[in-house]
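Listing of start16.txt, compact mmCIF, C-alpha atoms
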# COMPACT_ATOMS: atom_id res chain seq x y z
CA MET A 991 -71.21 18.01 -7.31
CA ALA A 992 -70.99 15.44 -10.14
CA THR A 993 -68.34 12.77 -9.94
CA THR A 994 -66.75 10.87 -12.80
CA LYS A 995 -66.04 7.18 -12.66
CA LYS A 996 -62.79 5.81 -13.99
CA ALA A 997 -63.43 3.66 -17.02
CA PRO A 998 -62.74 0.00 -16.23
CA ALA A 999 -60.03 -1.77 -18.18
CA LYS A 1000 -61.22 -3.82 -21.12
CA THR A 1001 -61.29 -7.52 -20.40
CA ALA A 1002 -62.07 -10.69 -22.26
CA ALA A 1003 -63.29 -13.80 -20.56
CA LYS A 1004 -62.25 -17.33 -21.37
CA LYS A 1005 -64.29 -20.21 -20.06
CA ALA A 1006 -62.31 -23.15 -18.78
CA SER A 1007 -63.05 -26.28 -16.81
CA ALA A 1008 -61.44 -24.83 -13.70
CA GLY A 1009 -63.51 -21.65 -13.90
CA THR A 1010 -63.23 -18.35 -15.75
CA ALA A 1011 -59.80 -16.83 -16.49
CA THR A 1012 -59.72 -13.11 -17.30
CA VAL A 1013 -57.21 -11.68 -19.77
CA THR A 1014 -56.77 -7.91 -19.67
CA VAL A 1015 -56.53 -6.16 -23.05
CA PRO A 1016 -54.02 -3.28 -23.45
CA PRO A 1017 -55.53 0.19 -22.97
CA HIS A 1018 -56.38 2.51 -25.87
CA VAL A 1019 -57.22 -0.21 -28.39
CA ASP A 1020 -60.46 -0.59 -30.32
CA ASP A 1021 -62.82 -3.49 -29.80
CA GLU A 1022 -61.66 -5.48 -32.83
CA LEU A 1023 -58.00 -5.22 -31.83
CA GLY A 1024 -58.96 -6.05 -28.27
CA LEU A 1025 -60.51 -9.30 -29.45
CA GLN A 1026 -57.28 -10.22 -31.23
CA TRP A 1027 -55.28 -9.55 -28.07
CA ALA A 1028 -57.72 -11.66 -26.03
CA ALA A 1029 -57.55 -14.52 -28.53
CA PHE A 1030 -53.75 -14.44 -28.60
CA LYS A 1031 -53.06 -14.00 -24.90
CA GLY A 1032 -56.06 -15.98 -23.67
CA GLU A 1033 -56.10 -18.87 -26.10
CA GLY A 1034 -52.77 -18.64 -27.91
CA GLU A 1035 -54.36 -18.43 -31.34
CA ILE A 1036 -51.75 -18.29 -34.11
CA GLU A 1037 -54.10 -16.43 -36.44
CA ALA A 1038 -54.63 -13.72 -33.83
CA ARG A 1039 -50.86 -13.44 -33.36
CA GLU A 1040 -50.36 -12.97 -37.11
CA LYS A 1041 -53.03 -10.24 -37.22
CA LEU A 1042 -51.33 -8.44 -34.33
CA ILE A 1043 -47.98 -8.63 -36.16
CA LEU A 1044 -49.55 -7.11 -39.26
CA HIS A 1045 -51.27 -4.40 -37.23
CA TYR A 1046 -48.08 -3.32 -35.44
CA ALA A 1047 -45.75 -3.75 -38.46
CA PRO A 1048 -45.79 0.03 -39.18
CA LEU A 1049 -44.29 0.49 -35.72
CA VAL A 1050 -41.24 -1.48 -36.89
CA LYS A 1051 -40.92 0.70 -40.01
CA TYR A 1052 -41.07 3.81 -37.83
CA VAL A 1053 -38.30 2.59 -35.51
CA ALA A 1054 -36.17 1.39 -38.46
CA SER A 1055 -36.41 4.80 -40.15
CA ARG A 1056 -35.26 6.52 -36.96
CA VAL A 1057 -32.30 4.15 -36.57
CA ALA A 1058 -31.38 4.49 -40.26
CA THR A 1059 -30.77 8.24 -39.95
CA GLY A 1060 -27.48 7.60 -38.15
CA LEU A 1061 -26.22 4.83 -40.43
CA PRO A 1062 -24.29 4.89 -43.73
CA SER A 1063 -26.23 4.66 -46.99
CA SER A 1064 -24.92 1.13 -47.57
CA VAL A 1065 -27.26 -0.14 -44.84
CA GLU A 1066 -30.70 -0.75 -46.36
CA GLN A 1067 -33.78 0.17 -44.36
CA ALA A 1068 -35.50 -3.02 -45.52
CA ASP A 1069 -32.85 -5.02 -43.65
CA LEU A 1070 -33.42 -2.95 -40.52
CA VAL A 1071 -37.14 -3.66 -40.76
CA SER A 1072 -36.50 -7.41 -40.98
CA TYR A 1073 -34.27 -7.24 -37.89
CA GLY A 1074 -36.90 -5.20 -36.05
CA MET A 1075 -39.65 -7.72 -36.82
CA PHE A 1076 -37.90 -10.20 -34.54
CA GLY A 1077 -38.06 -7.60 -31.78
CA LEU A 1078 -41.78 -7.07 -32.42
CA ILE A 1079 -42.53 -10.79 -32.30
CA ASP A 1080 -40.54 -11.13 -29.07
CA ALA A 1081 -42.39 -8.14 -27.57
CA LEU A 1082 -45.79 -9.63 -28.46
CA GLY A 1083 -44.90 -12.85 -26.71
CA LYS A 1084 -43.55 -11.25 -23.53
CA PHE A 1085 -46.00 -8.35 -23.21
CA GLU A 1086 -48.34 -8.56 -20.20
CA PRO A 1087 -51.56 -6.64 -20.97
CA GLY A 1088 -52.69 -6.88 -17.35
CA ARG A 1089 -50.09 -4.30 -16.30
CA GLY A 1090 -52.08 -1.54 -18.01
CA ASN A 1091 -49.22 -0.29 -20.23
CA LYS A 1092 -49.59 0.63 -23.91
CA PHE A 1093 -48.06 -2.01 -26.14
CA GLU A 1094 -46.32 0.62 -28.29
CA THR A 1095 -44.47 1.97 -25.24
CA TYR A 1096 -43.30 -1.53 -24.37
CA ALA A 1097 -42.41 -2.61 -27.91
CA ILE A 1098 -40.43 0.35 -29.31
CA PRO A 1099 -37.25 -0.10 -27.18
CA ARG A 1100 -37.31 -3.85 -27.86
CA ILE A 1101 -37.64 -3.36 -31.60
CA LYS A 1102 -34.77 -0.86 -31.55
CA GLY A 1103 -32.69 -3.21 -29.41
CA ALA A 1104 -33.19 -6.09 -31.86
CA ILE A 1105 -32.03 -3.89 -34.76
CA ILE A 1106 -28.95 -2.64 -32.91
CA ASP A 1107 -28.02 -6.14 -31.71
CA GLU A 1108 -28.09 -7.45 -35.28
CA LEU A 1109 -26.03 -4.52 -36.57
CA ARG A 1110 -23.43 -5.12 -33.86
CA ALA A 1111 -23.32 -8.83 -34.67
CA MET A 1112 -22.54 -8.05 -38.34
CA ASP A 1113 -20.01 -5.30 -37.63
CA TRP A 1114 -16.50 -6.74 -38.06
CA VAL A 1115 -14.74 -3.50 -37.13
CA PRO A 1116 -13.71 -3.18 -33.43
CA ARG A 1117 -15.74 -0.63 -31.47
CA SER A 1118 -12.56 1.11 -30.29
CA ILE A 1119 -11.63 1.92 -33.89
CA ARG A 1120 -15.17 3.05 -34.67
CA PHE A 1121 -14.96 5.37 -31.66
CA LYS A 1122 -11.60 6.80 -32.78
CA ALA A 1123 -12.94 7.37 -36.30
CA ARG A 1124 -15.96 9.28 -34.95
CA GLU A 1125 -13.72 11.40 -32.72
CA ILE A 1126 -11.49 12.37 -35.64
CA GLU A 1127 -14.47 13.09 -37.89
CA LYS A 1128 -16.04 15.32 -35.25
CA ALA A 1129 -12.79 17.19 -34.54
CA ASN A 1130 -12.18 17.67 -38.26
CA ALA A 1131 -15.70 19.00 -38.82
CA ASP A 1132 -15.43 21.39 -35.85
CA LEU A 1133 -12.09 22.78 -37.02
CA GLU A 1134 -13.28 23.11 -40.60
CA ALA A 1135 -16.28 25.12 -39.40
CA MET A 1136 -14.05 27.36 -37.24
CA LEU A 1137 -11.18 27.86 -39.71
CA LYS A 1138 -13.26 27.88 -42.92
CA ARG A 1139 -10.70 25.51 -44.43
CA GLN A 1140 -9.40 21.99 -44.09
CA PRO A 1141 -7.34 21.77 -40.85
CA THR A 1142 -3.74 20.61 -40.90
CA GLU A 1143 -2.66 17.39 -39.19
CA LYS A 1144 -0.99 19.43 -36.43
CA GLU A 1145 -4.19 21.39 -35.75
CA LEU A 1146 -6.23 18.18 -35.73
CA ALA A 1147 -3.81 16.52 -33.30
CA GLU A 1148 -3.94 19.54 -30.97
CA ARG A 1149 -7.75 19.48 -31.08
CA LEU A 1150 -7.76 15.82 -30.09
CA GLY A 1151 -5.10 16.36 -27.42
CA ILE A 1152 -2.69 13.82 -28.89
CA SER A 1153 0.71 13.96 -30.57
CA LEU A 1154 1.17 13.97 -34.34
CA ARG A 1155 2.64 10.46 -34.17
CA GLU A 1156 -0.39 9.20 -32.24
CA LEU A 1157 -2.67 10.76 -34.84
CA HIS A 1158 -0.81 8.95 -37.62
CA ASP A 1159 -1.12 5.65 -35.73
CA VAL A 1160 -4.87 6.14 -35.28
CA VAL A 1161 -5.40 7.06 -38.93
CA SER A 1162 -3.44 3.97 -39.98
CA GLN A 1163 -5.71 1.78 -37.84
CA ILE A 1164 -8.81 3.39 -39.31
CA SER A 1165 -7.60 3.17 -42.90
CA PHE A 1166 -6.92 -0.54 -42.45
CA VAL A 1167 -10.62 -1.25 -41.82
CA SER A 1168 -12.22 1.52 -43.85
CA VAL A 1169 -13.42 0.03 -47.12
CA LEU A 1170 -15.71 1.97 -49.48
CA ALA A 1171 -17.68 0.82 -52.49
CA LEU A 1172 -16.32 2.53 -55.60
CA ASP A 1173 -19.85 2.91 -56.96
CA GLU A 1174 -21.01 4.77 -53.83
CA MET A 1175 -22.33 8.23 -54.66
CA VAL A 1176 -20.62 11.22 -53.02
CA SER A 1177 -21.40 14.94 -53.02
CA VAL A 1178 -19.04 17.29 -54.86
CA GLY A 1179 -19.00 20.88 -56.06
CA ALA A 1180 -19.08 24.18 -54.22
CA ASP A 1181 -22.60 23.65 -52.92
CA ARG A 1182 -22.26 19.85 -52.58
CA GLY A 1183 -25.22 19.53 -54.91
CA GLU A 1184 -23.59 17.38 -57.58
CA LYS A 1185 -23.47 13.60 -57.13
CA VAL A 1186 -20.76 11.41 -58.65
CA SER A 1187 -19.55 7.88 -57.96
CA LEU A 1188 -16.44 7.54 -55.80
CA ILE A 1189 -14.48 5.94 -58.63
CA ASP A 1190 -14.98 9.07 -60.75
CA THR A 1191 -13.15 11.15 -58.13
CA LEU A 1192 -9.97 9.06 -58.33
CA ALA A 1193 -7.05 10.43 -60.34
CA ASP A 1194 -6.01 8.51 -63.45
CA LYS A 1195 -2.26 7.91 -63.18
CA GLY A 1196 -2.11 6.46 -66.69
CA ILE A 1197 -1.05 3.06 -65.37
CA ASP A 1198 -2.62 -0.10 -66.75
CA PRO A 1199 -4.43 -1.67 -63.74
CA THR A 1200 -3.85 -5.16 -65.13
CA GLN A 1201 -0.07 -4.90 -64.97
CA GLY A 1202 0.15 -5.89 -61.32
CA VAL A 1203 -2.35 -8.72 -61.71
CA GLU A 1204 -0.41 -10.18 -64.61
CA SER A 1205 2.56 -10.75 -62.38
CA GLN A 1206 2.79 -14.45 -61.55
CA GLU A 1207 4.05 -13.72 -58.06
CA THR A 1208 1.12 -11.41 -57.32
CA ARG A 1209 -1.32 -14.01 -58.64
CA SER A 1210 0.23 -16.66 -56.40
CA LEU A 1211 0.01 -14.44 -53.32
CA LEU A 1212 -3.58 -13.51 -54.12
CA ASN A 1213 -4.62 -17.14 -54.59
CA THR A 1214 -3.09 -18.06 -51.25
CA ALA A 1215 -4.85 -15.18 -49.52
CA ILE A 1216 -8.22 -16.10 -51.08
CA ASN A 1217 -7.86 -19.72 -49.97
CA ASP A 1218 -7.43 -18.51 -46.38
CA LEU A 1219 -10.83 -16.80 -46.44
CA SER A 1220 -13.93 -18.36 -44.92
CA GLU A 1221 -16.04 -20.46 -47.27
CA ARG A 1222 -18.72 -17.77 -47.72
CA GLU A 1223 -16.15 -14.99 -48.25
CA LYS A 1224 -14.36 -17.17 -50.82
CA ILE A 1225 -17.62 -17.72 -52.72
CA VAL A 1226 -18.43 -14.00 -52.79
CA VAL A 1227 -14.95 -13.01 -54.00
CA THR A 1228 -14.89 -15.72 -56.67
CA LEU A 1229 -18.35 -14.98 -58.03
CA TYR A 1230 -17.85 -11.21 -57.97
CA TYR A 1231 -14.34 -10.89 -59.40
CA PHE A 1232 -13.91 -14.04 -61.48
CA GLU A 1233 -17.45 -14.86 -62.60
CA GLY A 1234 -18.62 -11.26 -63.01
CA LEU A 1235 -21.82 -11.63 -60.98
CA THR A 1236 -23.41 -8.63 -59.29
CA LEU A 1237 -23.88 -8.43 -55.52
CA ALA A 1238 -27.63 -8.88 -56.00
CA GLU A 1239 -27.11 -12.05 -58.06
CA ILE A 1240 -24.70 -13.44 -55.46
CA GLY A 1241 -27.30 -12.68 -52.77
CA GLU A 1242 -29.87 -14.78 -54.62
CA ILE A 1243 -27.42 -17.69 -54.81
CA LEU A 1244 -26.52 -17.50 -51.10
CA GLY A 1245 -30.08 -16.71 -49.99
CA VAL A 1246 -29.15 -13.42 -48.31
CA THR A 1247 -29.78 -9.74 -49.02
CA GLU A 1248 -27.59 -7.65 -51.32
CA SER A 1249 -26.45 -5.53 -48.38
CA ARG A 1250 -25.36 -8.67 -46.51
CA VAL A 1251 -23.30 -9.74 -49.55
CA CYS A 1252 -21.80 -6.23 -49.61
CA GLN A 1253 -20.77 -6.64 -45.97
CA ILE A 1254 -19.19 -10.05 -46.66
CA HIS A 1255 -17.38 -8.58 -49.69
CA THR A 1256 -16.11 -5.62 -47.66
CA LYS A 1257 -14.74 -7.87 -44.95
CA ALA A 1258 -13.09 -10.20 -47.46
CA VAL A 1259 -11.40 -7.30 -49.28
CA GLY A 1260 -10.13 -5.97 -45.95
CA VAL A 1261 -8.65 -9.34 -45.05
CA LEU A 1262 -7.03 -9.72 -48.47
CA ARG A 1263 -5.57 -6.25 -48.34
CA GLY A 1264 -4.17 -6.90 -44.89
CA GLN A 1265 -2.50 -10.15 -45.91
CA LEU A 1266 -0.99 -8.70 -49.09
CA THR A 1267 0.26 -5.67 -47.13
CA GLU A 1268 2.00 -7.94 -44.61
CA VAL A 1269 3.73 -9.78 -47.46
CA ASP A 1270 4.92 -6.48 -48.98

Mind turning this structure into structure tokens?
Amino acid sequence: MATTKKAPAKTAAKKASAGTATVTVPPHVDDELGLQWAAFKGEGEIEAREKLILHYAPLVKYVASRVATGLPSSVEQADLVSYGMFGLIDALGKFEPGRGNKFETYAIPRIKGAIIDELRAMDWVPRSIRFKAREIEKANADLEAMLKRQPTEKELAERLGISLRELHDVVSQISFVSVLALDEMVSVGADRGEKVSLIDTLADKGIDPTQGVESQETRSLLNTAINDLSEREKIVVTLYYFEGLTLAEIGEILGVTESRVCQIHTKAVGVLRGQLTEVD
């Protein structure tokens, strides 16, 4: 009866003064990639490290695309990829080929973790409010599917198991931190097939929007509120509203991505709105 021998793990030898040190290459890699692993792990070659980063870069794009499916459209996938690259580089440095594990299996959770950590670091909204918002959205969607219409506040409160007053309190908390870009595209129409910007869905009350700004008192309050912002938030607000620059142009000035500027702008507007509301 014929027997089969288990294929030995690929190894690369490095000659040293103290003898020969063996570096095990990850399984399921071709010879050329195996040489890069051996050069990086055995000799610490920077060039080999860069080639490994380029080879496994598509893995970062794959993880970023999966994470992006659960995020709002304002979050750019290119930013997620840049966050994930840090996870890939960290995984390359800490990976131990001698354990016999595939690098992809080891790297994917670390790439995803790096992306999520960065998203959490940039999120200025408390997690408790995010959780409440998701709960209300889910309950509203479930009731709408069951009733074939928009549920009333009473029905929504009963679904959530809270009183109507508690529901109002929660919605107030959520509305305080929920800021949308007016140029964000939304779906409208019976089949949700038509796309329009959010500003086009707002009713025109026939009121001149400059009337409130022209009030000296309002200007004074707004100036005070802007001065209380952080330095970066103050720059974004000034350049966007007073100098007429786009978010992309502001990003070039600050050396950050357009989406990052959008996040800074959103936070600044939320702070300003909160301070002006307290004054009122």

So which residues fall inside 9 Å of (-44.1, -4.4, -40.4) if we count only C-alpha atoms? Mind giving them as a PyMOL selection string? chain A and resi 1043-1051+1071-1072+1074-1075+1078

Between A:Leu1082, A:Leu1070, A:Leu1235, A:Val1227, which one has atoms that come closest to Gly1103 (chain A), using all atoms listed in the file?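 Going through A:Leu1082, A:Leu1070, A:Leu1235, A:Val1227 one by one, the smallest distance to Gly1103 (chain A) is for A:Leu1070.
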
For CA of Leu1244 (chain A) and CA of Asp1107 (chain A), determine how far apart the two atoms are, in Å to one decimal place. 22.5 Å

Could you name the residues that touch Leu1133 (chain A) at 9 Å or less, counting all atoms listed in the file, but leaving out those on the same chain fewer than 6 positions away, as a ChimeraX atom specification? /A:1139-1141,1145-1146,1149

The selected residues should be written to file as a short mmCIF file (atom, residue, chain, number, x, y, z; two decimals), in the frame of the given file (atoms: C-alpha atoms).
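Ended up saving to out.cif:
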data_model
loop_
_atom_site.label_atom_id
_atom_site.label_comp_id
_atom_site.auth_asym_id
_atom_site.auth_seq_id
_atom_site.Cartn_x
_atom_site.Cartn_y
_atom_site.Cartn_z
CA ARG A 1139 -10.70 25.51 -44.43
CA GLN A 1140 -9.40 21.99 -44.09
CA PRO A 1141 -7.34 21.77 -40.85
CA GLU A 1145 -4.19 21.39 -35.75
CA LEU A 1146 -6.23 18.18 -35.73
CA ARG A 1149 -7.75 19.48 -31.08
#

Just add N, CA and C atoms to region 1118-1132 of chain A and send it as a tab-separated table (two decimals), in the frame of the given file.
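Output (part00.tsv):
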chain	number	residue	atom	x	y	z
A	1118	SER	N	-13.56	0.10	-30.65
A	1118	SER	CA	-12.56	1.11	-30.29
A	1118	SER	C	-12.15	1.90	-31.53
A	1119	ILE	N	-12.02	1.23	-32.66
A	1119	ILE	CA	-11.63	1.92	-33.89
A	1119	ILE	C	-12.79	2.76	-34.40
A	1120	ARG	N	-14.01	2.26	-34.29
A	1120	ARG	CA	-15.17	3.05	-34.67
A	1120	ARG	C	-15.22	4.34	-33.85
A	1121	PHE	N	-14.93	4.20	-32.55
A	1121	PHE	CA	-14.96	5.37	-31.66
A	1121	PHE	C	-13.90	6.39	-32.07
A	1122	LYS	N	-12.68	5.90	-32.36
A	1122	LYS	CA	-11.60	6.80	-32.78
A	1122	LYS	C	-11.95	7.51	-34.09
A	1123	ALA	N	-12.57	6.78	-35.01
A	1123	ALA	CA	-12.94	7.37	-36.30
A	1123	ALA	C	-13.97	8.48	-36.10
A	1124	ARG	N	-14.94	8.24	-35.21
A	1124	ARG	CA	-15.96	9.28	-34.95
A	1124	ARG	C	-15.34	10.50	-34.29
A	1125	GLU	N	-14.38	10.28	-33.39
A	1125	GLU	CA	-13.72	11.40	-32.72
A	1125	GLU	C	-12.95	12.26	-33.72
A	1126	ILE	N	-12.25	11.62	-34.64
A	1126	ILE	CA	-11.49	12.37	-35.64
A	1126	ILE	C	-12.43	13.11	-36.59
A	1127	GLU	N	-13.50	12.45	-37.00
A	1127	GLU	CA	-14.47	13.09	-37.89
A	1127	GLU	C	-15.09	14.32	-37.24
A	1128	LYS	N	-15.43	14.20	-35.96
A	1128	LYS	CA	-16.04	15.32	-35.25
A	1128	LYS	C	-15.05	16.48	-35.10
A	1129	ALA	N	-13.81	16.15	-34.70
A	1129	ALA	CA	-12.79	17.19	-34.54
A	1129	ALA	C	-12.49	17.88	-35.87
A	1130	ASN	N	-12.45	17.11	-36.94
A	1130	ASN	CA	-12.18	17.67	-38.26
A	1130	ASN	C	-13.31	18.60	-38.70
A	1131	ALA	N	-14.55	18.18	-38.45
A	1131	ALA	CA	-15.70	19.00	-38.82
A	1131	ALA	C	-15.75	20.30	-38.00
A	1132	ASP	N	-15.43	20.20	-36.71
A	1132	ASP	CA	-15.43	21.39	-35.85
A	1132	ASP	C	-14.37	22.39	-36.30
